[in-house]
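*Asks:* Pasting a structure below so you can have a look.
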Amino acid sequence: MSEINLQDFKMHANDTGSSSYQIAILTKRILHLTAHLGENKHDFASRRGLLQMVARRRKLLDYLKREDEALYKSLLQRLGLRR
């Protein structure tokens, strides 16, 4: 996936906490950290942080699926995630 434009995931101009925005931020951070770990295989602290971010994103996606399935499906497609 190319660069993620976080502005596309905001519900309104000052949005910082909606589920879709949080998932987009986490996805961007996960992609960055995955690239870092490809070059630094023994960076175990970063690997632990990556696993925590993936778990947090999974929980947010589960919540979004329960609350708004249409937005959930749209978000998966826009971020290129498989579930």
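Each chain in the structure tokens gets a letter, A, B, ..., in the order shown, and its residues are numbered from 1; ligands are numbered from 1 in order too.
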Find the spatial neighbours of segment 9-21 of chain A, counting only C-alpha atoms, within a cut-off of 12 Å - ignore same-chain residues fewer than 6 positions away - and output them as a PyMOL selection string.

*Replies:* chain A and resi 27-28+56-76+78-79

*Asks:* Report, in Å to a single decimal, how far apart atom CA of Leu6 of chain A and atom CA of Ala24 of chain A are.

*Replies:* 6.5 Å

*Asks:* DSSP on the backbone, alpha helix (DSSP H) only: what residues of chain A does that give? Format it as a PyMOL selection string.

*Replies:* chain A and resi 19-39+44-67+69-79

*Asks:* A:Gly80, A:Leu51, A:Asp43, A:Ala35: which is nearest Ile4 of chain A, counting only C-alpha atoms?

*Replies:* A:Gly80

*Asks:* May I ask for the distance between atom CA of Leu33 of chain A and atom CA of Ala55 of chain A, given in Å to one decimal place?

*Replies:* 14.3 Å

*Asks:* Find the residue from A:Ile23, A:His32, A:Lys41, A:Asn5 that sits nearest to Leu81 of chain A; use only C-alpha atoms when measuring.

*Replies:*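 Smallest separation from Leu81 of chain A among the options: A:Ile23.
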
*Asks:* If we count only C-alpha atoms, what is near Ile30 of chain A at a cut-off of 8 Å, once residues fewer than 4 positions away on the same chain are taken out, given as a list in words?

*Replies:*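 So the residues in contact are Leu26, Thr34, Leu50, Met53 and Val54 of chain A.
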
*Asks:* For N, CA and C atoms, I'd like the residues from the last selection saved as a PDB file, in the first residue's frame.

*Replies:*
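Saved result, selection.pdb, follows:
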```pdb
ATOM      1  N   LEU A  26      -3.002   3.743  13.325  1.00  0.00           N
ATOM      2  CA  LEU A  26      -2.308   2.513  13.709  1.00  0.00           C
ATOM      3  C   LEU A  26      -1.778   1.771  12.487  1.00  0.00           C
ATOM      4  N   THR A  34       6.928  -2.215  10.497  1.00  0.00           N
ATOM      5  CA  THR A  34       7.209  -3.462   9.783  1.00  0.00           C
ATOM      6  C   THR A  34       8.428  -3.290   8.878  1.00  0.00           C
ATOM      7  N   LEU A  50       5.089  -3.461  18.054  1.00  0.00           N
ATOM      8  CA  LEU A  50       4.323  -3.780  16.852  1.00  0.00           C
ATOM      9  C   LEU A  50       3.171  -4.728  17.184  1.00  0.00           C
ATOM     10  N   MET A  53       0.422  -2.841  18.877  1.00  0.00           N
ATOM     11  CA  MET A  53      -0.349  -2.016  17.942  1.00  0.00           C
ATOM     12  C   MET A  53      -1.304  -2.868  17.111  1.00  0.00           C
ATOM     13  N   VAL A  54      -0.842  -4.035  16.668  1.00  0.00           N
ATOM     14  CA  VAL A  54      -1.691  -4.928  15.878  1.00  0.00           C
ATOM     15  C   VAL A  54      -2.885  -5.385  16.712  1.00  0.00           C
TER      16      VAL A  54
END
```

*Asks:* Could you check how far atom CA of Glu3 of chain A sits from atom CA of Ser46 of chain A, in Å to one decimal?

*Replies:* 21.2 Å
